[in-house]
>>> print(open('start_38.pdb').read())   # PDB, C-alpha atoms, pLDDT in the B column
ATOM      1  CA  MET J   1      15.889   5.757   3.764  1.00 37.00           C
ATOM      2  CA  PHE J   2      14.027   8.609   2.091  1.00 38.00           C
ATOM      3  CA  HIS J   3      16.617   8.952  -0.673  1.00 39.00           C
ATOM      4  CA  ILE J   4      16.621   5.219  -1.270  1.00 41.00           C
ATOM      5  CA  THR J   5      12.867   5.258  -1.737  1.00 44.00           C
ATOM      6  CA  LEU J   6      13.109   8.045  -4.269  1.00 44.00           C
ATOM      7  CA  SER J   7      15.835   6.253  -6.201  1.00 40.00           C
ATOM      8  CA  ILE J   8      13.671   3.163  -6.579  1.00 46.00           C
ATOM      9  CA  PHE J   9      11.152   5.209  -8.557  1.00 52.00           C
ATOM     10  CA  SER J  10      13.579   7.551 -10.252  1.00 51.00           C
ATOM     11  CA  GLN J  11      13.150   5.746 -13.587  1.00 52.00           C
ATOM     12  CA  THR J  12       9.486   4.862 -13.156  1.00 68.00           C
ATOM     13  CA  LYS J  13       7.715   8.194 -12.743  1.00 73.00           C
ATOM     14  CA  ALA J  14       4.630   7.031 -14.625  1.00 77.00           C
ATOM     15  CA  LEU J  15       4.214   4.090 -12.272  1.00 79.00           C
ATOM     16  CA  GLU J  16       4.684   6.328  -9.240  1.00 79.00           C
ATOM     17  CA  ASN J  17       1.942   8.622 -10.539  1.00 85.00           C
ATOM     18  CA  LYS J  18      -0.449   5.703 -11.002  1.00 87.00           C
ATOM     19  CA  ILE J  19       0.190   4.446  -7.483  1.00 88.00           C
ATOM     20  CA  ASP J  20      -0.382   7.977  -6.182  1.00 89.00           C
ATOM     21  CA  LEU J  21      -3.665   8.118  -8.067  1.00 92.00           C
ATOM     22  CA  PHE J  22      -4.677   4.774  -6.605  1.00 93.00           C
ATOM     23  CA  HIS J  23      -4.194   6.148  -3.096  1.00 93.00           C
ATOM     24  CA  ASP J  24      -6.313   9.145  -4.108  1.00 94.00           C
ATOM     25  CA  LYS J  25      -9.101   6.751  -5.141  1.00 95.00           C
ATOM     26  CA  LEU J  26      -9.105   5.210  -1.681  1.00 96.00           C
ATOM     27  CA  LEU J  27      -9.325   8.642  -0.061  1.00 96.00           C
ATOM     28  CA  ASP J  28     -12.181   9.568  -2.421  1.00 96.00           C
ATOM     29  CA  ALA J  29     -14.011   6.347  -1.550  1.00 96.00           C
ATOM     30  CA  ALA J  30     -13.687   7.003   2.193  1.00 96.00           C
ATOM     31  CA  MET J  31     -15.047  10.558   1.904  1.00 96.00           C
ATOM     32  CA  THR J  32     -17.900   9.513  -0.377  1.00 96.00           C
ATOM     33  CA  PHE J  33     -18.775   6.657   1.966  1.00 97.00           C
ATOM     34  CA  LYS J  34     -19.126   8.979   4.974  1.00 94.00           C
ATOM     35  CA  LYS J  35     -21.287  11.398   3.051  1.00 95.00           C
ATOM     36  CA  ALA J  36     -23.497   8.678   1.591  1.00 96.00           C
ATOM     37  CA  ILE J  37     -24.248   7.091   4.966  1.00 96.00           C
ATOM     38  CA  ARG J  38     -25.142  10.466   6.469  1.00 95.00           C
ATOM     39  CA  ILE J  39     -27.563  11.170   3.650  1.00 96.00           C
ATOM     40  CA  TYR J  40     -29.117   7.706   3.859  1.00 96.00           C
ATOM     41  CA  LEU J  41     -29.745   8.085   7.598  1.00 95.00           C
ATOM     42  CA  ASP J  42     -31.410  11.461   6.996  1.00 93.00           C
ATOM     43  CA  GLU J  43     -33.181  10.815   3.695  1.00 89.00           C
ATOM     44  CA  GLN J  44     -33.089   7.046   3.060  1.00 89.00           C
ATOM     45  CA  ARG J  45     -32.773   6.144  -0.638  1.00 86.00           C
ATOM     46  CA  SER J  46     -33.126   9.690  -1.915  1.00 91.00           C
ATOM     47  CA  ASP J  47     -31.829  11.063  -5.199  1.00 93.00           C
ATOM     48  CA  ALA J  48     -28.802  12.423  -3.351  1.00 94.00           C
ATOM     49  CA  PHE J  49     -28.037   8.974  -1.938  1.00 94.00           C
ATOM     50  CA  ARG J  50     -28.490   7.352  -5.344  1.00 94.00           C
ATOM     51  CA  LYS J  51     -26.038   9.852  -6.826  1.00 95.00           C
ATOM     52  CA  LEU J  52     -23.404   9.063  -4.189  1.00 96.00           C
ATOM     53  CA  SER J  53     -24.026   5.341  -4.614  1.00 95.00           C
ATOM     54  CA  LYS J  54     -23.244   5.683  -8.319  1.00 95.00           C
ATOM     55  CA  GLN J  55     -20.252   7.873  -7.507  1.00 95.00           C
ATOM     56  CA  ILE J  56     -18.647   5.312  -5.216  1.00 96.00           C
ATOM     57  CA  LYS J  57     -19.348   2.576  -7.780  1.00 96.00           C
ATOM     58  CA  GLN J  58     -17.481   4.669 -10.358  1.00 96.00           C
ATOM     59  CA  ILE J  59     -14.567   5.134  -7.947  1.00 96.00           C
ATOM     60  CA  GLU J  60     -14.463   1.363  -7.419  1.00 95.00           C
ATOM     61  CA  HIS J  61     -14.581   0.771 -11.184  1.00 95.00           C
ATOM     62  CA  ASP J  62     -11.806   3.298 -11.851  1.00 95.00           C
ATOM     63  CA  ALA J  63      -9.687   1.782  -9.072  1.00 94.00           C
ATOM     64  CA  ASP J  64     -10.072  -1.700 -10.561  1.00 93.00           C
ATOM     65  CA  ASN J  65      -8.899  -0.442 -13.949  1.00 93.00           C
ATOM     66  CA  LEU J  66      -5.999   1.392 -12.344  1.00 92.00           C
ATOM     67  CA  ARG J  67      -5.001  -1.685 -10.338  1.00 91.00           C
ATOM     68  CA  ARG J  68      -4.921  -3.807 -13.487  1.00 91.00           C
ATOM     69  CA  ASP J  69      -2.899  -1.117 -15.240  1.00 89.00           C
ATOM     70  CA  ILE J  70      -0.344  -1.031 -12.413  1.00 87.00           C
ATOM     71  CA  GLU J  71      -0.076  -4.821 -12.378  1.00 85.00           C
ATOM     72  CA  ASN J  72       0.342  -4.933 -16.149  1.00 84.00           C
ATOM     73  CA  ASN J  73       3.074  -2.269 -16.071  1.00 78.00           C
ATOM     74  CA  LEU J  74       4.972  -4.073 -13.340  1.00 77.00           C
ATOM     75  CA  TYR J  75       5.116  -7.288 -15.336  1.00 75.00           C
ATOM     76  CA  THR J  76       5.345  -6.191 -18.966  1.00 71.00           C
ATOM     77  CA  GLN J  77       7.947  -3.489 -18.328  1.00 63.00           C
ATOM     78  CA  ASN J  78       9.822  -5.409 -15.629  1.00 58.00           C
ATOM     79  CA  LEU J  79       9.651  -2.400 -13.289  1.00 53.00           C
ATOM     80  CA  ILE J  80      11.142  -2.409  -9.764  1.00 59.00           C
ATOM     81  CA  PRO J  81      11.631  -6.204  -9.733  1.00 61.00           C
ATOM     82  CA  ASP J  82      12.875  -6.176  -6.139  1.00 65.00           C
ATOM     83  CA  LEU J  83       9.660  -4.474  -4.993  1.00 71.00           C
ATOM     84  CA  ARG J  84       7.189  -6.016  -7.412  1.00 74.00           C
ATOM     85  CA  ALA J  85       5.643  -8.661  -5.165  1.00 78.00           C
ATOM     86  CA  ASP J  86       5.176  -6.234  -2.279  1.00 79.00           C
ATOM     87  CA  VAL J  87       3.690  -3.539  -4.511  1.00 82.00           C
ATOM     88  CA  LEU J  88       1.241  -5.987  -6.083  1.00 85.00           C
ATOM     89  CA  HIS J  89       0.142  -7.202  -2.675  1.00 85.00           C
ATOM     90  CA  LEU J  90      -0.302  -3.682  -1.332  1.00 88.00           C
ATOM     91  CA  VAL J  91      -2.302  -2.517  -4.342  1.00 89.00           C
ATOM     92  CA  GLU J  92      -4.583  -5.561  -4.199  1.00 91.00           C
ATOM     93  CA  ASN J  93      -5.313  -4.963  -0.512  1.00 90.00           C
ATOM     94  CA  LEU J  94      -5.905  -1.249  -1.029  1.00 93.00           C
ATOM     95  CA  ASP J  95      -8.404  -2.280  -3.686  1.00 93.00           C
ATOM     96  CA  ARG J  96     -10.126  -4.593  -1.210  1.00 93.00           C
ATOM     97  CA  VAL J  97     -10.909  -1.655   1.061  1.00 95.00           C
ATOM     98  CA  ILE J  98     -12.307   0.382  -1.822  1.00 95.00           C
ATOM     99  CA  ASN J  99     -14.474  -2.609  -2.754  1.00 95.00           C
ATOM    100  CA  LYS J 100     -15.758  -2.867   0.812  1.00 95.00           C
ATOM    101  CA  PHE J 101     -16.824   0.783   0.820  1.00 96.00           C
ATOM    102  CA  ASP J 102     -18.758   0.146  -2.381  1.00 95.00           C
ATOM    103  CA  GLU J 103     -20.286  -3.096  -1.072  1.00 96.00           C
ATOM    104  CA  VAL J 104     -21.602  -1.478   2.113  1.00 96.00           C
ATOM    105  CA  ILE J 105     -23.180   1.424   0.236  1.00 96.00           C
ATOM    106  CA  TYR J 106     -24.778  -0.957  -2.267  1.00 94.00           C
ATOM    107  CA  LYS J 107     -26.128  -3.050   0.606  1.00 94.00           C
ATOM    108  CA  PHE J 108     -27.798   0.052   2.057  1.00 94.00           C
ATOM    109  CA  TYR J 109     -29.188   0.806  -1.401  1.00 94.00           C
ATOM    110  CA  ALA J 110     -30.506  -2.715  -2.006  1.00 94.00           C
ATOM    111  CA  GLU J 111     -31.815  -3.666   1.451  1.00 92.00           C
ATOM    112  CA  GLN J 112     -32.993  -0.215   2.584  1.00 92.00           C
ATOM    113  CA  PRO J 113     -32.692  -0.927   6.313  1.00 92.00           C
ATOM    114  CA  ALA J 114     -35.018   0.985   8.622  1.00 90.00           C
ATOM    115  CA  VAL J 115     -32.687   2.741  11.056  1.00 92.00           C
ATOM    116  CA  PRO J 116     -34.298   4.360  14.123  1.00 92.00           C
ATOM    117  CA  SER J 117     -33.123   7.964  14.312  1.00 92.00           C
ATOM    118  CA  GLU J 118     -31.744   7.518  17.848  1.00 93.00           C
ATOM    119  CA  TYR J 119     -28.911   5.446  16.336  1.00 93.00           C
ATOM    120  CA  ASN J 120     -27.959   7.931  13.621  1.00 94.00           C
ATOM    121  CA  SER J 121     -25.265   9.750  15.546  1.00 93.00           C
ATOM    122  CA  ARG J 122     -23.637   6.494  16.691  1.00 94.00           C
ATOM    123  CA  ILE J 123     -23.648   5.025  13.200  1.00 95.00           C
ATOM    124  CA  ASN J 124     -22.196   8.240  11.809  1.00 94.00           C
ATOM    125  CA  GLU J 125     -19.503   8.114  14.486  1.00 95.00           C
ATOM    126  CA  LEU J 126     -18.623   4.537  13.502  1.00 95.00           C
ATOM    127  CA  CYS J 127     -18.522   5.490   9.809  1.00 95.00           C
ATOM    128  CA  ASP J 128     -16.265   8.448  10.590  1.00 95.00           C
ATOM    129  CA  LEU J 129     -13.868   6.185  12.495  1.00 96.00           C
ATOM    130  CA  THR J 130     -13.887   3.592   9.732  1.00 96.00           C
ATOM    131  CA  ALA J 131     -13.234   6.184   7.037  1.00 95.00           C
ATOM    132  CA  GLU J 132     -10.482   7.800   9.115  1.00 95.00           C
ATOM    133  CA  CYS J 133      -8.894   4.380   9.567  1.00 95.00           C
ATOM    134  CA  ALA J 134      -8.862   3.844   5.804  1.00 95.00           C
ATOM    135  CA  GLU J 135      -7.542   7.363   5.178  1.00 95.00           C
ATOM    136  CA  ASN J 136      -4.579   6.819   7.491  1.00 95.00           C
ATOM    137  CA  MET J 137      -4.036   3.431   5.899  1.00 95.00           C
ATOM    138  CA  ALA J 138      -3.733   5.179   2.522  1.00 94.00           C
ATOM    139  CA  LYS J 139      -1.315   7.735   3.990  1.00 93.00           C
ATOM    140  CA  ALA J 140       0.816   4.968   5.518  1.00 93.00           C
ATOM    141  CA  SER J 141       0.890   3.141   2.202  1.00 92.00           C
ATOM    142  CA  ARG J 142       1.820   6.296   0.301  1.00 89.00           C
ATOM    143  CA  ALA J 143       4.608   6.917   2.815  1.00 88.00           C
ATOM    144  CA  PHE J 144       5.996   3.458   2.056  1.00 87.00           C
ATOM    145  CA  PHE J 145       6.818   4.702  -1.434  1.00 80.00           C
ATOM    146  CA  ARG J 146       7.945   8.212  -0.482  1.00 78.00           C
ATOM    147  CA  ASP J 147       9.279   8.369   3.060  1.00 75.00           C
ATOM    148  CA  ARG J 148       9.259   5.121   5.001  1.00 79.00           C
ATOM    149  CA  SER J 149      10.156   6.947   8.215  1.00 79.00           C
ATOM    150  CA  SER J 150       6.529   8.143   8.307  1.00 84.00           C
ATOM    151  CA  VAL J 151       4.941   4.713   7.878  1.00 88.00           C
ATOM    152  CA  ARG J 152       4.974   3.878  11.583  1.00 90.00           C
ATOM    153  CA  ASP J 153       3.336   7.186  12.578  1.00 91.00           C
ATOM    154  CA  TYR J 154       0.359   6.646  10.295  1.00 92.00           C
ATOM    155  CA  SER J 155       0.232   2.965  11.235  1.00 93.00           C
ATOM    156  CA  GLN J 156      -0.111   3.795  14.918  1.00 94.00           C
ATOM    157  CA  LYS J 157      -3.033   6.058  14.055  1.00 94.00           C
ATOM    158  CA  VAL J 158      -4.717   3.167  12.244  1.00 95.00           C
ATOM    159  CA  TYR J 159      -4.271   0.884  15.251  1.00 95.00           C
ATOM    160  CA  PHE J 160      -5.672   3.513  17.621  1.00 96.00           C
ATOM    161  CA  ILE J 161      -8.663   4.372  15.424  1.00 95.00           C
ATOM    162  CA  GLU J 162      -9.448   0.706  14.760  1.00 95.00           C
ATOM    163  CA  HIS J 163      -9.571   0.114  18.510  1.00 95.00           C
ATOM    164  CA  GLU J 164     -11.951   3.047  18.878  1.00 95.00           C
ATOM    165  CA  SER J 165     -14.134   1.617  16.114  1.00 95.00           C
ATOM    166  CA  ASP J 166     -14.249  -1.717  17.969  1.00 94.00           C
ATOM    167  CA  LEU J 167     -15.477   0.053  21.099  1.00 95.00           C
ATOM    168  CA  SER J 168     -18.039   2.008  19.091  1.00 94.00           C
ATOM    169  CA  THR J 169     -19.264  -1.184  17.398  1.00 95.00           C
ATOM    170  CA  ARG J 170     -19.734  -3.016  20.688  1.00 95.00           C
ATOM    171  CA  LYS J 171     -21.645  -0.181  22.328  1.00 94.00           C
ATOM    172  CA  LEU J 172     -23.876   0.256  19.292  1.00 95.00           C
ATOM    173  CA  SER J 173     -24.579  -3.471  19.019  1.00 94.00           C
ATOM    174  CA  GLU J 174     -25.423  -3.666  22.726  1.00 95.00           C
ATOM    175  CA  ALA J 175     -27.803  -0.729  22.422  1.00 94.00           C
ATOM    176  CA  ILE J 176     -29.580  -2.302  19.464  1.00 94.00           C
ATOM    177  CA  PHE J 177     -30.010  -5.702  21.095  1.00 95.00           C
ATOM    178  CA  ASP J 178     -31.176  -4.086  24.331  1.00 94.00           C
ATOM    179  CA  SER J 179     -33.879  -2.205  22.420  1.00 93.00           C
ATOM    180  CA  ASP J 180     -37.483  -3.199  21.736  1.00 92.00           C
ATOM    181  CA  LEU J 181     -36.919  -3.609  18.011  1.00 94.00           C
ATOM    182  CA  PRO J 182     -38.115  -6.869  16.446  1.00 94.00           C
ATOM    183  CA  LEU J 183     -35.380  -9.497  16.312  1.00 95.00           C
ATOM    184  CA  ALA J 184     -35.236  -9.391  12.503  1.00 94.00           C
ATOM    185  CA  ASN J 185     -34.518  -5.657  12.611  1.00 93.00           C
ATOM    186  CA  LYS J 186     -31.882  -6.148  15.287  1.00 94.00           C
ATOM    187  CA  LEU J 187     -30.113  -8.794  13.217  1.00 95.00           C
ATOM    188  CA  GLN J 188     -30.233  -6.699  10.056  1.00 94.00           C
ATOM    189  CA  LEU J 189     -28.819  -3.607  11.757  1.00 94.00           C
ATOM    190  CA  SER J 190     -26.168  -5.699  13.486  1.00 93.00           C
ATOM    191  CA  GLY J 191     -25.110  -7.062  10.103  1.00 94.00           C
ATOM    192  CA  PHE J 192     -24.740  -3.550   8.691  1.00 94.00           C
ATOM    193  CA  ILE J 193     -22.756  -2.400  11.710  1.00 95.00           C
ATOM    194  CA  ASN J 194     -20.395  -5.355  11.421  1.00 95.00           C
ATOM    195  CA  ASP J 195     -19.937  -4.695   7.699  1.00 95.00           C
ATOM    196  CA  ILE J 196     -18.924  -1.112   8.442  1.00 95.00           C
ATOM    197  CA  ALA J 197     -16.566  -2.164  11.239  1.00 95.00           C
ATOM    198  CA  ASP J 198     -15.007  -4.801   8.983  1.00 94.00           C
ATOM    199  CA  ILE J 199     -13.539  -2.042   6.818  1.00 95.00           C
ATOM    200  CA  ALA J 200     -11.487  -0.820   9.775  1.00 95.00           C
ATOM    201  CA  ASP J 201     -10.449  -4.405  10.562  1.00 94.00           C
ATOM    202  CA  THR J 202      -9.253  -4.833   6.976  1.00 94.00           C
ATOM    203  CA  ALA J 203      -7.262  -1.604   7.217  1.00 94.00           C
ATOM    204  CA  GLU J 204      -5.609  -2.880  10.382  1.00 94.00           C
ATOM    205  CA  ASP J 205      -4.663  -6.155   8.650  1.00 93.00           C
ATOM    206  CA  PHE J 206      -3.187  -4.129   5.800  1.00 93.00           C
ATOM    207  CA  ILE J 207      -1.045  -2.152   8.240  1.00 94.00           C
ATOM    208  CA  ASP J 208       0.258  -5.352   9.834  1.00 93.00           C
ATOM    209  CA  GLU J 209       1.608  -6.416   6.448  1.00 90.00           C
ATOM    210  CA  LEU J 210       2.795  -2.945   5.484  1.00 90.00           C
ATOM    211  CA  LEU J 211       4.989  -2.748   8.576  1.00 90.00           C
ATOM    212  CA  ILE J 212       6.547  -6.096   7.690  1.00 88.00           C
ATOM    213  CA  PHE J 213       7.270  -4.869   4.150  1.00 84.00           C
ATOM    214  CA  THR J 214       8.771  -1.690   5.595  1.00 85.00           C
ATOM    215  CA  ILE J 215      11.087  -3.629   7.891  1.00 82.00           C
ATOM    216  CA  LYS J 216      12.151  -5.789   4.946  1.00 76.00           C
ATOM    217  CA  ARG J 217      13.048  -2.703   2.903  1.00 71.00           C
ATOM    218  CA  ASP J 218      14.964  -1.107   5.773  1.00 66.00           C
ATOM    219  CA  VAL J 219      17.062  -4.140   6.678  1.00 59.00           C
TER     220      VAL J 219
END
>>> encode(input="start_38.pdb", output="structure tokens")
Amino acid sequence: MFHITLSIFSQTKALENKIDLFHDKLLDAAMTFKKAIRIYLDEQRSDAFRKLSKQIKQIEHDADNLRRDIENNLYTQNLIPDLRADVLHLVENLDRVINKFDEVIYKFYAEQPAVPSEYNSRINELCDLTAECAENMAKASRAFFRDRSSVRDYSQKVYFIEHESDLSTRKLSEAIFDSDLPLANKLQLSGFINDIADIADTAEDFIDELLIFTIKRDV
């Protein structure tokens, strides 16, 4: 199937490059997200955190422009008509994950939650799992266009990591609600934790659909 995938894009190199760049934006967002959360937990809303907050907003903005460009090219140039609907759907859902990274960082910036230091390592662990889930999602999606035989391998990694993030979320939530923090603080931190975990859930949903698209292309 590898040669078939290449032939689909043999006359649309510019489009292939844009889709590649879109995957790069998702990887950039995941890495920036991890770094920003670590800095916030150590320094709160410091200049370094503000810089990363602006950086991830720029990534999100660039990704939106790139998504619109890809969609416009697909329609106006009538490119890969047999794949168009699937590609549009994949790009839109990749964009959703980038948006979620940006939304969580902005929420930290706007609400400035007070996070007791004893939870820092657990929150960082959850963020690492979430980012890794999104990174493997991007790799699975890229493989769909280049070498569909690799899609399942990356997809299984997403499923495994998402399960680990679920376990991490539950343990962290239990620890917070078992603590002596005021209820308002518990609820706020729980909301942030769920927002972070939701990114991994969204990646898992994306993989469910990606595997269906892959089966369709291979039949």
>>> atom_distance(input="start_38.pdb", atom1="CA of Phe145 (chain J)", atom2="CA of Ala200 (chain J)")
22.2 Å
>>> atom_distance(input="start_38.pdb", atom1="CA of Ser141 (chain J)", atom2="CA of Val97 (chain J)")
12.8 Å
>>> resolve_selection(input="start_38.pdb", expression="the PyMOL selection byres ((chain J and resi 105-115) around 10)", output="PyMOL selection string")
chain J and resi 32-34+36-37+40-42+44-46+49-50+52-54+56-57+100-104+116-120+123+185-186+188-189+192+195-196
>>> atom_distance(input="start_38.pdb", atom1="CA of Glu204 (chain J)", atom2="CA of Ser155 (chain J)")
8.3 Å
>>> closest_residue(input="start_38.pdb", among="J:Lys51, J:Arg146, J:Arg170, J:Arg38", to="Glu16 (chain J)", atoms="only C-alpha atoms")
J:Arg146
>>> closest_residue(input="start_38.pdb", among="J:Ser168, J:Lys157, J:Ala63, J:Asp147", to="Asn194 (chain J)", atoms="all atoms listed in the file")
J:Ser168
>>> resolve_selection(input="start_38.pdb", expression="the PyMOL selection byres ((chain J and resi 129) around 8)", output="JSON, numbers by chain")
{"J": [125, 126, 127, 128, 130, 131, 132, 133, 161, 162, 164, 165, 200]}
>>> residues_around(input="start_38.pdb", residues="Arg217 (chain J)", least_positions_apart="4", cutoff="9 Å", atoms="only C-alpha atoms", output="ChimeraX atom specification")
/J:1,83,148,212-213
>>> residues_around(input="start_38.pdb", residues="region 172-175 of chain J", least_positions_apart="4", cutoff="7 Å", atoms="all atoms listed in the file", output="PyMOL selection string")
chain J and resi 122+168+179+190
>>> residues_near_point(input="start_38.pdb", point="(6.5, 3.4, 14.9)", cutoff="12 Å", atoms="all atoms listed in the file", output="PyMOL selection string")
chain J and resi 140+148-159+207-208+210-212+214-215
>>> closest_residue(input="start_38.pdb", among="J:Thr169, J:Asn93, J:Asn124, J:Asn136", to="Asp205 (chain J)", atoms="all atoms listed in the file")
J:Asn93
>>> residues_around(input="start_38.pdb", residues="Val91 (chain J)", least_positions_apart="6", cutoff="9 Å", atoms="all atoms listed in the file", output="ChimeraX atom specification")
/J:19,22-23,67,70-71
>>> closest_residue(input="start_38.pdb", among="J:Lys139, J:Ala14, J:Arg96, J:Ser121", to="Asp198 (chain J)", atoms="only C-alpha atoms")
J:Arg96
>>> closest_residue(input="start_38.pdb", among="J:Ala184, J:Ala143, J:Ala29, J:Leu167", to="Asp62 (chain J)", atoms="only C-alpha atoms")
J:Ala29
>>> closest_residue(input="start_38.pdb", among="J:Lys216, J:Lys35, J:Arg142, J:His163", to="Asn17 (chain J)", atoms="all atoms listed in the file")
J:Arg142
>>> resolve_selection(input="start_38.pdb", expression="the PyMOL selection byres ((chain J and resi 26) around 9)", output="PyMOL selection string")
chain J and resi 21-25+27-31+59-60+63+94-95+97-98+134-135+138
>>> decode(input="start_38.pdb", residues="region 183-191 of chain J", atoms="all heavy atoms", output="compact mmCIF listing (two decimals), in the first residue's frame")
# COMPACT_ATOMS: atom_id res chain seq x y z
N LEU J 183 -12.67 23.49 49.21
CA LEU J 183 -13.42 22.87 48.12
C LEU J 183 -13.27 23.63 46.81
O LEU J 183 -13.15 23.01 45.74
CB LEU J 183 -14.90 22.76 48.50
CG LEU J 183 -15.81 22.11 47.45
CD1 LEU J 183 -15.36 20.69 47.12
CD2 LEU J 183 -17.26 22.12 47.92
N ALA J 184 -13.28 24.96 46.87
CA ALA J 184 -13.15 25.75 45.65
C ALA J 184 -11.83 25.45 44.94
O ALA J 184 -11.79 25.34 43.70
CB ALA J 184 -13.26 27.24 45.97
N ASN J 185 -10.76 25.31 45.71
CA ASN J 185 -9.46 24.99 45.12
C ASN J 185 -9.47 23.59 44.51
O ASN J 185 -8.90 23.36 43.44
CB ASN J 185 -8.36 25.07 46.18
CG ASN J 185 -8.12 26.49 46.66
OD1 ASN J 185 -9.07 27.18 47.02
ND2 ASN J 185 -6.87 26.92 46.69
N LYS J 186 -10.10 22.65 45.23
CA LYS J 186 -10.19 21.29 44.71
C LYS J 186 -10.92 21.27 43.37
O LYS J 186 -10.48 20.61 42.42
CB LYS J 186 -10.94 20.40 45.71
CG LYS J 186 -10.20 20.14 47.00
CD LYS J 186 -11.05 19.26 47.93
CE LYS J 186 -10.34 18.99 49.25
NZ LYS J 186 -11.16 18.15 50.15
N LEU J 187 -12.03 21.98 43.30
CA LEU J 187 -12.82 21.99 42.07
C LEU J 187 -12.06 22.65 40.93
O LEU J 187 -12.13 22.19 39.78
CB LEU J 187 -14.16 22.70 42.32
CG LEU J 187 -15.12 21.98 43.27
CD1 LEU J 187 -16.34 22.86 43.56
CD2 LEU J 187 -15.57 20.65 42.68
N GLN J 188 -11.35 23.73 41.23
CA GLN J 188 -10.59 24.40 40.18
C GLN J 188 -9.48 23.50 39.64
O GLN J 188 -9.33 23.35 38.42
CB GLN J 188 -9.98 25.70 40.70
CG GLN J 188 -9.27 26.50 39.60
CD GLN J 188 -8.51 27.70 40.14
OE1 GLN J 188 -7.92 27.63 41.22
NE2 GLN J 188 -8.53 28.79 39.39
N LEU J 189 -8.72 22.88 40.54
CA LEU J 189 -7.64 22.00 40.10
C LEU J 189 -8.19 20.80 39.35
O LEU J 189 -7.61 20.36 38.35
CB LEU J 189 -6.82 21.54 41.30
CG LEU J 189 -5.93 22.59 41.96
CD1 LEU J 189 -5.22 21.99 43.17
CD2 LEU J 189 -4.91 23.12 40.97
N SER J 190 -9.30 20.26 39.80
CA SER J 190 -9.93 19.14 39.11
C SER J 190 -10.32 19.52 37.70
O SER J 190 -10.16 18.74 36.75
CB SER J 190 -11.16 18.67 39.88
OG SER J 190 -11.81 17.62 39.21
N GLY J 191 -10.82 20.75 37.53
CA GLY J 191 -11.19 21.22 36.19
C GLY J 191 -9.97 21.30 35.28
O GLY J 191 -10.05 20.90 34.11
